[in-house]
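Trainee: My structure is in entry.cif, and what it holds is mmCIF, C-alpha atoms:
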data_upload
#
loop_
_atom_site.label_atom_id
_atom_site.label_comp_id
_atom_site.auth_asym_id
_atom_site.auth_seq_id
_atom_site.Cartn_x
_atom_site.Cartn_y
_atom_site.Cartn_z
CA MET A 111 -42.79 70.41 9.16
CA LYS A 112 -41.13 70.30 12.55
CA LYS A 113 -37.43 70.95 12.91
CA GLU A 114 -37.13 67.42 14.31
CA ASP A 115 -38.32 66.18 10.91
CA MET A 116 -35.19 67.69 9.40
CA LEU A 117 -33.08 65.43 11.61
CA LYS A 118 -35.22 62.45 10.65
CA ALA A 119 -34.92 63.28 6.96
CA MET A 120 -31.16 63.34 7.45
CA ASN A 121 -31.27 59.75 8.69
CA ASP A 122 -31.54 58.38 5.18
CA LEU A 123 -28.61 60.26 3.73
CA ARG A 124 -26.73 58.38 1.06
CA ASP A 125 -24.57 55.61 2.51
CA ASP A 126 -21.46 56.89 0.77
CA PHE A 127 -21.83 60.33 2.43
CA ILE A 128 -22.17 58.70 5.84
CA GLU A 129 -19.25 56.40 5.23
CA GLU A 130 -17.10 59.23 3.87
CA ALA A 131 -17.71 61.33 6.99
CA ALA A 132 -17.32 58.49 9.51
CA PRO A 133 -14.80 59.69 12.11
CA LYS A 134 -11.74 57.44 12.28
CA SER A 135 -12.05 57.21 16.04
CA TYR A 136 -15.55 55.68 15.72
CA LEU A 137 -14.54 52.84 13.44
CA PRO A 138 -12.56 49.65 14.14
CA LYS A 139 -8.81 49.92 13.79
CA LYS A 140 -7.27 48.84 10.54
CA LYS A 141 -5.68 45.41 10.24
CA ALA A 142 -2.12 44.67 11.30
CA PRO A 143 0.54 45.16 8.60
CA TRP A 144 1.19 41.44 8.07
CA TYR A 145 -2.40 41.11 7.07
CA ALA A 146 -1.90 43.66 4.34
CA TRP A 147 0.12 41.08 2.45
CA GLN A 148 -2.95 38.88 2.39
CA ASN A 149 -4.93 41.83 1.01
CA MET A 150 -2.19 42.46 -1.53
CA ARG A 151 -2.58 38.88 -2.73
CA TYR A 152 -6.34 39.38 -3.10
CA ALA A 153 -5.76 42.69 -4.89
CA LEU A 154 -3.30 41.14 -7.31
CA SER A 155 -5.69 38.24 -7.95
CA ALA A 156 -8.54 40.69 -8.52
CA ALA A 157 -6.37 42.78 -10.85
CA PHE A 158 -5.43 39.65 -12.80
CA VAL A 159 -9.10 38.66 -13.13
CA LEU A 160 -9.99 42.20 -14.19
CA ILE A 161 -7.26 42.32 -16.84
CA LEU A 162 -8.33 38.89 -18.07
CA ALA A 163 -11.94 40.05 -18.27
CA LEU A 164 -10.97 43.22 -20.13
CA VAL A 165 -8.95 41.21 -22.63
CA ILE A 166 -11.40 38.36 -23.13
CA THR A 167 -14.78 40.14 -23.02
CA PRO A 168 -14.33 42.32 -26.15
CA MET A 169 -13.20 39.23 -28.06
CA PHE A 170 -16.68 37.80 -27.63
CA GLY A 171 -18.41 41.14 -28.27
CA ASN A 172 -20.30 40.82 -25.03
CA ARG A 173 -19.60 44.08 -23.25
CA GLN A 174 -22.50 45.28 -21.15
CA PRO A 175 -23.21 48.95 -20.40
CA GLU A 176 -22.13 49.90 -16.90
CA ASN A 177 -24.88 50.13 -14.34
CA PRO A 178 -24.94 53.14 -12.04
CA VAL A 179 -24.02 52.37 -8.44
CA THR A 180 -27.16 51.93 -6.39
CA ILE A 181 -27.21 53.10 -2.81
CA ALA A 182 -28.72 50.78 -0.23
CA ARG A 183 -31.56 52.12 1.86
CA PRO A 184 -32.52 49.34 4.28
CA PHE A 185 -36.12 50.35 4.83
CA THR A 186 -38.47 53.32 4.93
CA ASP A 187 -41.13 53.88 7.56
CA TYR A 188 -44.56 55.31 6.82
CA THR A 189 -47.62 56.24 8.84
CA ASP A 190 -49.84 56.34 5.77
CA VAL A 191 -50.72 52.97 4.28
CA LYS A 192 -51.26 54.44 0.81
CA GLU A 193 -47.71 55.78 0.67
CA ALA A 194 -46.33 52.45 1.90
CA GLN A 195 -48.39 50.54 -0.68
CA GLU A 196 -47.26 52.87 -3.43
CA GLU A 197 -43.63 52.26 -2.49
CA ALA A 198 -44.13 48.48 -2.25
CA GLY A 199 -46.10 48.26 -5.49
CA PHE A 200 -48.97 46.22 -4.04
CA THR A 201 -51.74 46.58 -1.47
CA LEU A 202 -51.92 45.11 2.02
CA THR A 203 -55.29 44.42 3.57
CA CYS A 204 -55.20 43.74 7.29
CA PRO A 205 -57.36 44.64 10.32
CA ASP A 206 -57.07 48.26 11.53
CA LYS A 207 -57.02 46.89 15.05
CA TRP A 208 -56.00 43.59 16.56
CA LYS A 209 -57.57 43.15 19.98
CA ASP A 210 -56.73 46.52 21.61
CA ALA A 211 -53.74 47.25 19.42
CA SER A 212 -53.84 49.59 16.40
CA ILE A 213 -51.36 49.93 13.56
CA TYR A 214 -48.72 52.47 14.54
CA GLN A 215 -46.36 52.15 11.59
CA TYR A 216 -45.81 50.69 8.12
CA ARG A 217 -42.40 49.76 6.78
CA VAL A 218 -41.23 48.96 3.27
CA TYR A 219 -37.96 47.04 2.99
CA GLU A 220 -35.51 47.38 0.17
CA SER A 221 -36.22 43.74 -0.69
CA GLY A 222 -39.90 44.57 -1.33
CA ILE A 223 -41.52 43.46 1.93
CA LEU A 224 -44.36 45.62 3.25
CA GLU A 225 -44.89 45.32 7.01
CA ALA A 226 -47.55 46.69 9.38
CA PHE A 227 -46.81 47.02 13.12
CA TYR A 228 -49.49 46.84 15.79
CA GLY A 229 -49.26 48.19 19.33
CA SER A 230 -46.53 50.72 20.02
CA GLU A 231 -42.81 51.11 19.40
CA ASP A 232 -42.20 49.99 22.97
CA ASN A 233 -44.57 47.07 22.73
CA THR A 234 -45.23 45.61 19.30
CA VAL A 235 -47.83 42.90 19.79
CA MET A 236 -48.20 41.89 16.15
CA SER A 237 -46.52 42.50 12.82
CA VAL A 238 -47.89 41.55 9.41
CA ARG A 239 -45.58 41.14 6.42
CA LYS A 240 -46.42 40.71 2.75
CA ALA A 241 -44.17 40.34 -0.28
CA LYS A 242 -44.31 39.05 -3.83
CA GLY A 243 -43.28 35.42 -4.28
CA ASP A 244 -43.53 32.41 -2.00
CA ASP A 245 -40.46 32.67 0.24
CA ASP A 246 -40.64 32.56 4.03
CA ILE A 247 -40.42 36.29 4.86
CA SER A 248 -41.03 35.99 8.62
CA GLY A 249 -37.38 36.43 9.61
CA ASP A 250 -38.25 34.16 12.57
CA TYR A 251 -36.36 30.89 12.46
CA THR A 252 -37.20 29.65 15.96
CA ALA A 253 -37.77 25.88 16.21
CA TYR A 254 -41.30 25.89 17.70
CA ASP A 255 -42.90 22.83 19.28
CA LEU A 256 -46.38 23.67 17.93
CA ASN A 257 -46.47 23.20 14.14
CA ILE A 258 -49.79 23.18 12.28
CA THR A 259 -50.01 22.88 8.51
CA VAL A 260 -52.64 25.06 6.86
CA ARG A 261 -54.05 24.22 3.44
CA GLU A 262 -57.09 25.87 1.89
CA ASP A 263 -57.77 26.36 -1.84
CA ASP A 264 -54.70 28.12 -3.26
CA LEU A 265 -53.47 29.00 0.18
CA GLN A 266 -50.91 26.96 2.08
CA GLY A 267 -48.73 27.61 5.06
CA GLU A 268 -48.18 26.85 8.71
CA PHE A 269 -48.84 28.12 12.22
CA ASN A 270 -46.07 27.74 14.78
CA GLY A 271 -45.85 28.45 18.46
CA THR A 272 -45.39 27.16 21.98
CA ASN A 273 -47.62 26.09 24.87
CA GLY A 274 -50.58 25.69 22.53
CA LEU A 275 -50.40 29.31 21.35
CA VAL A 276 -49.58 30.44 17.83
CA LYS A 277 -46.70 32.93 17.65
CA ARG A 278 -45.83 32.75 13.97
CA MET A 279 -48.04 32.36 10.91
CA ILE A 280 -46.67 32.03 7.41
CA TRP A 281 -48.55 31.28 4.21
CA THR A 282 -48.58 31.89 0.51
CA ASP A 283 -51.46 32.32 -1.92
CA GLN A 284 -49.19 31.42 -4.86
CA LYS A 285 -48.67 35.06 -5.84
CA TYR A 286 -47.76 36.62 -2.48
CA SER A 287 -46.26 35.35 0.74
CA TYR A 288 -47.40 36.52 4.17
CA ALA A 289 -45.99 36.34 7.67
CA VAL A 290 -47.51 37.30 11.01
CA LEU A 291 -45.50 37.44 14.22
CA LEU A 292 -47.39 37.61 17.52
CA ASP A 293 -46.30 38.39 21.04
CA PRO A 294 -48.09 37.17 23.09
CA GLY A 295 -49.34 34.18 21.11
CA ILE A 296 -52.96 33.56 20.12
CA THR A 297 -55.19 30.49 19.95
CA GLN A 298 -55.47 28.43 16.79
CA ASP A 299 -59.05 29.65 16.24
CA GLU A 300 -57.94 33.25 16.50
CA ALA A 301 -55.09 32.53 14.07
CA GLU A 302 -57.53 31.11 11.52
CA GLN A 303 -59.79 34.16 11.83
CA LEU A 304 -56.83 36.45 11.47
CA LEU A 305 -55.53 34.65 8.41
CA HIS A 306 -58.75 35.39 6.52
CA LYS A 307 -58.55 39.08 7.35
CA ILE A 308 -55.16 39.52 5.71
CA LYS A 309 -54.78 39.85 1.96
CA MET B 118 -14.22 39.48 10.84
CA GLU B 119 -15.31 40.89 7.49
CA ASP B 120 -18.78 42.42 7.13
CA PHE B 121 -19.98 39.77 4.71
CA GLU B 122 -19.01 37.06 7.22
CA ILE B 123 -21.00 38.79 9.97
CA ILE B 124 -23.98 39.10 7.62
CA GLU B 125 -23.71 35.37 6.87
CA LEU B 126 -23.92 34.67 10.63
CA TYR B 127 -27.20 36.62 10.73
CA TRP B 128 -28.49 34.64 7.77
CA ASP B 129 -27.46 31.41 9.49
CA ARG B 130 -29.36 32.61 12.61
CA ASP B 131 -26.11 32.27 14.56
CA GLU B 132 -26.33 34.39 17.71
CA THR B 133 -22.60 35.10 17.63
CA ALA B 134 -23.55 37.56 14.85
CA ILE B 135 -24.50 40.03 17.58
CA GLN B 136 -21.22 39.52 19.47
CA GLN B 137 -19.25 40.04 16.27
CA THR B 138 -21.31 43.12 15.40
CA ASP B 139 -20.70 44.56 18.85
CA ARG B 140 -17.00 43.75 18.66
CA LYS B 141 -16.62 45.53 15.31
CA TYR B 142 -19.24 48.27 15.39
CA GLY B 143 -20.19 48.59 19.07
CA LYS B 144 -18.10 51.71 19.50
CA TYR B 145 -19.49 53.22 16.27
CA CYS B 146 -23.08 52.68 17.40
CA ARG B 147 -22.40 53.86 20.97
CA LYS B 148 -20.84 57.09 19.71
CA ILE B 149 -23.80 57.79 17.44
CA ALA B 150 -26.32 57.12 20.20
CA TYR B 151 -24.36 59.00 22.87
CA ASN B 152 -23.99 62.13 20.70
CA ILE B 153 -27.79 62.27 20.53
CA LEU B 154 -28.71 61.18 24.04
CA TYR B 155 -25.78 62.17 26.25
CA ASP B 156 -26.70 59.40 28.64
CA GLN B 157 -24.80 56.15 29.08
CA GLU B 158 -27.80 54.09 30.14
CA ASP B 159 -29.98 55.32 27.27
CA THR B 160 -27.09 54.76 24.88
CA GLU B 161 -26.76 51.12 25.92
CA GLU B 162 -30.52 50.65 25.54
CA CYS B 163 -30.43 52.08 22.00
CA VAL B 164 -27.42 50.00 20.99
CA ASN B 165 -29.10 46.83 22.26
CA ASP B 166 -32.27 47.78 20.39
CA THR B 167 -30.15 48.35 17.29
CA TYR B 168 -28.80 44.80 17.50
CA LEU B 169 -32.30 43.41 18.07
CA GLN B 170 -33.63 45.34 15.07
CA THR B 171 -30.70 44.14 12.97
CA TRP B 172 -31.35 40.54 14.05
CA LYS B 173 -34.99 40.93 13.00
CA THR B 174 -34.22 42.47 9.62
CA ILE B 175 -31.26 40.35 8.44
CA PRO B 176 -32.56 38.18 6.83
CA PRO B 177 -34.38 39.12 4.66
CA GLU B 178 -32.09 42.14 4.24
CA ARG B 179 -28.49 41.80 3.05
CA PRO B 180 -26.98 45.28 3.52
CA GLU B 181 -24.19 46.41 1.23
CA ARG B 182 -22.57 48.46 4.00
CA LEU B 183 -23.06 47.01 7.46
CA SER B 184 -21.65 50.09 9.25
CA THR B 185 -24.14 52.54 7.76
CA TYR B 186 -26.96 50.01 8.03
CA LEU B 187 -26.33 49.77 11.78
CA GLY B 188 -25.68 53.50 12.03
CA LYS B 189 -29.01 54.43 10.46
CA ILE B 190 -30.94 52.05 12.69
CA CYS B 191 -29.10 53.26 15.78
CA ARG B 192 -29.53 56.95 14.90
CA ASN B 193 -33.24 56.45 14.24
CA ILE B 194 -33.83 54.62 17.52
CA SER B 195 -31.78 57.22 19.41
CA ILE B 196 -33.68 60.16 17.91
CA ASN B 197 -36.98 58.51 18.83
CA LEU B 198 -35.80 58.04 22.41
CA TYR B 199 -34.43 61.58 22.45
CA GLU B 200 -37.83 62.92 21.38
CA LYS B 201 -39.51 60.89 24.08
CA ASN B 202 -37.05 62.04 26.74
CA THR B 203 -37.22 65.69 25.77
CA ALA B 204 -40.98 65.87 25.45
CA ALA B 205 -40.96 67.20 28.99
CA LYS B 206 -37.58 68.86 29.22
CA ARG B 207 -34.77 69.89 26.89
CA GLY B 208 -31.43 68.32 27.71
CA GLY B 209 -29.04 71.12 26.65
CA HIS B 210 -26.68 68.89 24.72
CA GLU B 211 -25.37 68.51 21.17
CA SER B 212 -28.64 67.34 19.58
CA ASP B 213 -30.42 70.43 20.98
CA ALA B 214 -27.76 72.65 19.46
CA CYS B 215 -28.10 70.83 16.10
CA LEU B 216 -31.86 71.32 16.17
CA GLU B 217 -31.54 75.03 16.91
CA GLU B 218 -29.14 75.47 14.01
CA LEU B 219 -31.33 73.51 11.60
CA GLU B 220 -34.38 75.50 12.68
CA ASN B 221 -32.86 78.50 10.91
CA VAL B 222 -32.54 76.46 7.73
CA LEU B 223 -36.05 75.08 7.75
CA GLY B 224 -38.73 77.10 9.52
CA THR B 225 -41.38 75.49 11.64
CA LYS B 226 -44.65 77.13 10.70
CA SER B 227 -44.94 76.94 6.95
CA GLU B 228 -47.90 74.89 5.81
CA ALA B 229 -46.01 73.71 2.73
CA GLU B 230 -43.22 72.39 4.92
CA GLU B 231 -45.64 70.69 7.26
CA GLN B 232 -47.07 68.82 4.31
CA ALA B 233 -43.73 68.07 2.73
CA ASP B 234 -42.77 64.48 2.53
CA LEU B 235 -39.75 63.42 4.59
CA HIS B 236 -38.69 61.15 1.79
CA PHE B 237 -38.63 64.01 -0.69
CA LEU B 238 -36.72 66.16 1.77
CA THR B 239 -34.10 63.41 2.16
CA ASP B 240 -33.68 63.23 -1.61
CA THR B 241 -33.38 67.01 -1.79
CA ILE B 242 -30.67 67.06 0.90
CA ASN B 243 -28.84 64.18 -0.81
CA ALA B 244 -28.91 66.04 -4.13
CA PHE B 245 -27.62 69.18 -2.41
CA LEU B 246 -24.77 67.31 -0.70
CA ALA B 247 -23.77 65.62 -3.94
CA HIS B 248 -22.86 69.06 -5.30
CA CYS B 249 -21.06 70.29 -2.18
CA GLU B 250 -17.30 70.32 -1.86
CA LYS B 251 -16.07 67.17 -0.16
CA GLN B 252 -14.69 68.93 2.94
CA ALA B 253 -17.90 70.91 3.46
CA ARG B 254 -19.99 67.76 3.02
CA ILE B 255 -17.93 65.81 5.54
CA VAL B 256 -18.20 68.59 8.12
CA PHE B 257 -21.96 68.91 7.51
CA VAL B 258 -22.59 65.16 7.82
CA GLN B 259 -20.41 64.92 10.92
CA ARG B 260 -22.40 67.73 12.52
CA TYR B 261 -25.94 66.77 11.51
CA TRP B 262 -25.76 63.02 11.02
CA TYR B 263 -23.14 62.00 13.56
CA MET B 264 -24.11 64.95 15.83
CA MET B 265 -20.48 65.61 16.68
CA SER B 266 -19.51 68.75 18.55
CA VAL B 267 -17.73 71.54 16.67
CA LYS B 268 -14.64 70.84 18.77
CA GLU B 269 -14.67 67.15 17.85
CA ILE B 270 -15.14 67.94 14.14
CA ALA B 271 -12.27 70.42 14.24
CA ARG B 272 -9.98 67.82 15.85
CA GLU B 273 -11.06 65.07 13.45
CA ASN B 274 -10.42 67.21 10.35
CA LYS B 275 -7.42 69.15 11.66
CA LEU B 276 -9.31 72.45 11.28
CA SER B 277 -9.82 75.35 13.65
CA GLU B 278 -13.17 75.55 15.43
CA SER B 279 -13.91 78.89 13.77
CA SER B 280 -13.25 77.33 10.38
CA VAL B 281 -15.71 74.51 11.16
CA LYS B 282 -18.34 77.03 12.31
CA MET B 283 -17.85 79.11 9.16
CA THR B 284 -18.09 76.02 6.91
CA LEU B 285 -21.29 74.95 8.66
CA LEU B 286 -22.79 78.43 8.39
CA ARG B 287 -22.07 78.66 4.66
CA THR B 288 -23.34 75.14 4.00
CA ARG B 289 -26.56 75.81 5.91
CA GLU B 290 -27.09 79.00 3.93
CA LYS B 291 -26.52 77.16 0.66
CA LEU B 292 -28.88 74.39 1.79
CA ARG B 293 -31.54 76.97 2.63
CA ASP B 294 -31.17 78.48 -0.87
CA HIS B 295 -31.34 75.01 -2.40
CA LEU B 296 -34.48 74.14 -0.47
CA GLN B 297 -36.10 77.41 -1.56
CA GLN B 298 -35.26 76.60 -5.17
CA GLU B 299 -36.90 73.21 -4.67
CA GLY B 300 -40.12 74.89 -3.57
CA TYR B 301 -39.82 74.94 0.20
CA ASP B 302 -41.30 78.10 1.66
CA ILE B 303 -38.70 79.28 4.17
#
Kindly transcribe the structure held in the file into structure tokens.

Mentor:
Amino acid sequence: MKKEDMLKAMNDLRDDFIEEAAPKSYLPKKKAPWYAWQNMRYALSAAFVLILALVITPMFGNRQPENPVTIARPFTDYTDVKEAQEEAGFTLTCPDKWKDASIYQYRVYESGILEAFYGSEDNTVMSVRKAKGDDDISGDYTAYDLNITVREDDLQGEFNGTNGLVKRMIWTDQKYSYAVLLDPGITQDEAEQLLHKIK
Amino acid sequence: MEDFEIIELYWDRDETAIQQTDRKYGKYCRKIAYNILYDQEDTEECVNDTYLQTWKTIPPERPERLSTYLGKICRNISINLYEKNTAAKRGGHESDACLEELENVLGTKSEAEEQADLHFLTDTINAFLAHCEKQARIVFVQRYWYMMSVKEIARENKLSESSVKMTLLRTREKLRDHLQQEGYDI
């Protein structure tokens, strides 16, 4: 392992350690004193609710065991697809190359999305996302002028883009949802071919 | 503006989310990037990339702590740019010094280390820090996560520079012992 890897490993330190060590001069200044009264009101309200909960909950015998605090880790990057799949809990099948671009990185988000990036860090030409469920996981909410509905067996979704080129593809096969973002865009025929290569 | 309100702006795809992020955490991100890169232009590039990355990841993400979420993205982007910049030439700044110090904790030639998983190493360091004294942990994280200079750490914690250096030395030694116990060949 390179010494640089040590610095990279440090990147995902626990959030509470990072927050605890945050230098005061780096962070925004605290609120003006008058505002503290507002906070005091919230604190008193919260305390009242807490006391009420502590008094009422045992009466109904409904106390739950405390859950340990979980620390957020936004996402983890991988170069090995197997490791990324293991973390995500499902497989992602997609082309090794798209046009001249190869996959340079995989990413698994805390929310369970597995993403493959094509091209390079400086120039990502395509990203493919997959997650359990049927939500729109593209993260792209642009109002495109090209909107094509796709429906095929259990698969349904849409292609979106501009100037006749598809820049966003989203679909679900009932069990998983998929999203592809493209820059530059591709033709509709290319989008259809691509769709069948991703599972 | 509170963090949850800023996060809502991202979820609403409201571009003022980036302005509000910059207003609240711009300085935080710039400090992190600058401590790694020591270059104003590169720092601005990394901070802008941090906002872009945040825009792309929220939604679907909904971070519990916006500051550390931004900080991790910014630090990661900055280290990548630092590696790119220093491929040809070392810059002689704080991140070089941090690397030299960490090199003594974790050697560079062991096969076991080369194969070690970064994820596992992160967990090992987290477990080690959880058992450190609070002051030592803060100094360690300020040095190796925030990449602050010894002088800056001393000022921030009202300690002497020699005390900071001694704390860092002892913590590095303990970390090295901990890593050895966890099976790293050092």

Trainee: Which distance in Å separates atom CA of Asn193 of chain B and atom CA of Ile149 of chain B, to one decimal?

Mentor: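 Those two atoms sit 10.1 Å apart.
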
Trainee: Which one is closest to Asp213 of chain B: B:Ser280, B:Asn274, B:Asn152, B:Gln259? Count all atoms listed in the file.

Mentor: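 With all atoms listed in the file as the atom set, the closest residue is B:Asn152.
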
Trainee: Sort by chain and increasing residue number a table of all residues of chain A within 10 Å of chain B, each with its closest pair of atoms and their distance in Å to one decimal, counting all atoms listed in the file, and write it as a Markdown table.

Mentor:
| residue | atom | partner | partner_atom | distance |
| --- | --- | --- | --- | --- |
| A:Met111 | CA | B:Glu231 | CA | 3.4 |
| A:Lys112 | CA | B:Thr225 | CA | 5.3 |
| A:Lys113 | CA | B:Glu220 | CA | 5.5 |
| A:Glu114 | CA | B:Leu216 | CA | 6.8 |
| A:Asp115 | CA | B:Leu235 | CA | 7.0 |
| A:Met116 | CA | B:Leu219 | CA | 7.3 |
| A:Leu117 | CA | B:Tyr261 | CA | 7.3 |
| A:Lys118 | CA | B:Asn193 | CA | 7.3 |
| A:Ala119 | CA | B:Thr239 | CA | 4.9 |
| A:Met120 | CA | B:Thr239 | CA | 6.1 |
| A:Asn121 | CA | B:Lys189 | CA | 6.0 |
| A:Asp122 | CA | B:Thr239 | CA | 6.4 |
| A:Leu123 | CA | B:Asn243 | CA | 6.0 |
| A:Arg124 | CA | B:Asn243 | CA | 6.4 |
| A:Asp125 | CA | B:Thr185 | CA | 6.1 |
| A:Asp126 | CA | B:Thr185 | CA | 8.7 |
| A:Phe127 | CA | B:Val258 | CA | 7.3 |
| A:Ile128 | CA | B:Thr185 | CA | 6.7 |
| A:Glu129 | CA | B:Thr185 | CA | 6.7 |
| A:Glu130 | CA | B:Ile255 | CA | 6.8 |
| A:Ala131 | CA | B:Ile255 | CA | 4.7 |
| A:Ala132 | CA | B:Gln259 | CA | 7.3 |
| A:Pro133 | CA | B:Glu273 | CA | 6.7 |
| A:Lys134 | CA | B:Glu273 | CA | 7.7 |
| A:Ser135 | CA | B:Glu273 | CA | 8.3 |
| A:Tyr136 | CA | B:Tyr145 | CA | 4.7 |
| A:Leu137 | CA | B:Tyr145 | CA | 5.7 |
| A:Pro138 | CA | B:Lys141 | CA | 5.9 |
| A:Lys139 | CA | B:Lys141 | CA | 9.1 |
| A:Thr180 | CA | B:Glu181 | CA | 9.9 |
| A:Ile181 | CA | B:Glu181 | CA | 8.4 |
| A:Ala182 | CA | B:Glu181 | CA | 6.5 |
| A:Arg183 | CA | B:Tyr186 | CA | 8.0 |
| A:Pro184 | CA | B:Tyr186 | CA | 6.7 |
| A:Phe185 | CA | B:Glu178 | CA | 9.2 |
| A:Thr186 | CA | B:His236 | CA | 8.4 |
| A:Asp187 | CA | B:His236 | CA | 9.6 |
| A:Tyr188 | CA | B:His236 | CA | 9.7 |
| A:Tyr219 | CA | B:Glu178 | CA | 7.7 |
| A:Glu220 | CA | B:Glu178 | CA | 7.5 |
| A:Ser221 | CA | B:Glu178 | CA | 6.6 |
| A:Gly222 | CA | B:Pro177 | CA | 9.8 |
| A:Ile223 | CA | B:Pro177 | CA | 8.8 |
| A:Glu231 | CA | B:Asn197 | CA | 9.4 |
| A:Asp245 | CA | B:Pro177 | CA | 9.9 |
| A:Asp246 | CA | B:Pro177 | CA | 9.1 |
| A:Ile247 | CA | B:Pro177 | CA | 6.7 |
| A:Ser248 | CA | B:Pro177 | CA | 8.3 |
| A:Gly249 | CA | B:Pro176 | CA | 5.8 |
| A:Asp250 | CA | B:Lys173 | CA | 7.5 |
| A:Tyr251 | CA | B:Arg130 | CA | 7.2 |
| A:Thr252 | CA | B:Arg130 | CA | 9.0 |

Trainee: Can you write out the residues you just picked, keeping C-alpha atoms, as an mmCIF file, in the frame of the given file?

Mentor:
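Full text of out_39.cif as output:
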data_model
loop_
_atom_site.group_PDB
_atom_site.id
_atom_site.type_symbol
_atom_site.label_atom_id
_atom_site.label_comp_id
_atom_site.auth_asym_id
_atom_site.auth_seq_id
_atom_site.Cartn_x
_atom_site.Cartn_y
_atom_site.Cartn_z
ATOM 1 C CA MET A 111 -42.790 70.410 9.160
ATOM 2 C CA LYS A 112 -41.130 70.300 12.550
ATOM 3 C CA LYS A 113 -37.430 70.950 12.910
ATOM 4 C CA GLU A 114 -37.130 67.420 14.310
ATOM 5 C CA ASP A 115 -38.320 66.180 10.910
ATOM 6 C CA MET A 116 -35.190 67.690 9.400
ATOM 7 C CA LEU A 117 -33.080 65.430 11.610
ATOM 8 C CA LYS A 118 -35.220 62.450 10.650
ATOM 9 C CA ALA A 119 -34.920 63.280 6.960
ATOM 10 C CA MET A 120 -31.160 63.340 7.450
ATOM 11 C CA ASN A 121 -31.270 59.750 8.690
ATOM 12 C CA ASP A 122 -31.540 58.380 5.180
ATOM 13 C CA LEU A 123 -28.610 60.260 3.730
ATOM 14 C CA ARG A 124 -26.730 58.380 1.060
ATOM 15 C CA ASP A 125 -24.570 55.610 2.510
ATOM 16 C CA ASP A 126 -21.460 56.890 0.770
ATOM 17 C CA PHE A 127 -21.830 60.330 2.430
ATOM 18 C CA ILE A 128 -22.170 58.700 5.840
ATOM 19 C CA GLU A 129 -19.250 56.400 5.230
ATOM 20 C CA GLU A 130 -17.100 59.230 3.870
ATOM 21 C CA ALA A 131 -17.710 61.330 6.990
ATOM 22 C CA ALA A 132 -17.320 58.490 9.510
ATOM 23 C CA PRO A 133 -14.800 59.690 12.110
ATOM 24 C CA LYS A 134 -11.740 57.440 12.280
ATOM 25 C CA SER A 135 -12.050 57.210 16.040
ATOM 26 C CA TYR A 136 -15.550 55.680 15.720
ATOM 27 C CA LEU A 137 -14.540 52.840 13.440
ATOM 28 C CA PRO A 138 -12.560 49.650 14.140
ATOM 29 C CA LYS A 139 -8.810 49.920 13.790
ATOM 30 C CA THR A 180 -27.160 51.930 -6.390
ATOM 31 C CA ILE A 181 -27.210 53.100 -2.810
ATOM 32 C CA ALA A 182 -28.720 50.780 -0.230
ATOM 33 C CA ARG A 183 -31.560 52.120 1.860
ATOM 34 C CA PRO A 184 -32.520 49.340 4.280
ATOM 35 C CA PHE A 185 -36.120 50.350 4.830
ATOM 36 C CA THR A 186 -38.470 53.320 4.930
ATOM 37 C CA ASP A 187 -41.130 53.880 7.560
ATOM 38 C CA TYR A 188 -44.560 55.310 6.820
ATOM 39 C CA TYR A 219 -37.960 47.040 2.990
ATOM 40 C CA GLU A 220 -35.510 47.380 0.170
ATOM 41 C CA SER A 221 -36.220 43.740 -0.690
ATOM 42 C CA GLY A 222 -39.900 44.570 -1.330
ATOM 43 C CA ILE A 223 -41.520 43.460 1.930
ATOM 44 C CA GLU A 231 -42.810 51.110 19.400
ATOM 45 C CA ASP A 245 -40.460 32.670 0.240
ATOM 46 C CA ASP A 246 -40.640 32.560 4.030
ATOM 47 C CA ILE A 247 -40.420 36.290 4.860
ATOM 48 C CA SER A 248 -41.030 35.990 8.620
ATOM 49 C CA GLY A 249 -37.380 36.430 9.610
ATOM 50 C CA ASP A 250 -38.250 34.160 12.570
ATOM 51 C CA TYR A 251 -36.360 30.890 12.460
ATOM 52 C CA THR A 252 -37.200 29.650 15.960
#

Trainee: Distance atom CA of Thr133 of chain B-atom CA of Glu161 of chain B, one decimal place?

Mentor: 18.5 Å

Trainee: Can you list, as a PyMOL selection string, every protein, DNA or RNA residue that comes within 12 Å of Arg287 of chain B when you count only C-alpha atoms, leaving out same-chain residues fewer than 3 positions away?

Mentor: chain B and resi 222+249-250+253-254+256-257+280-284+290-294
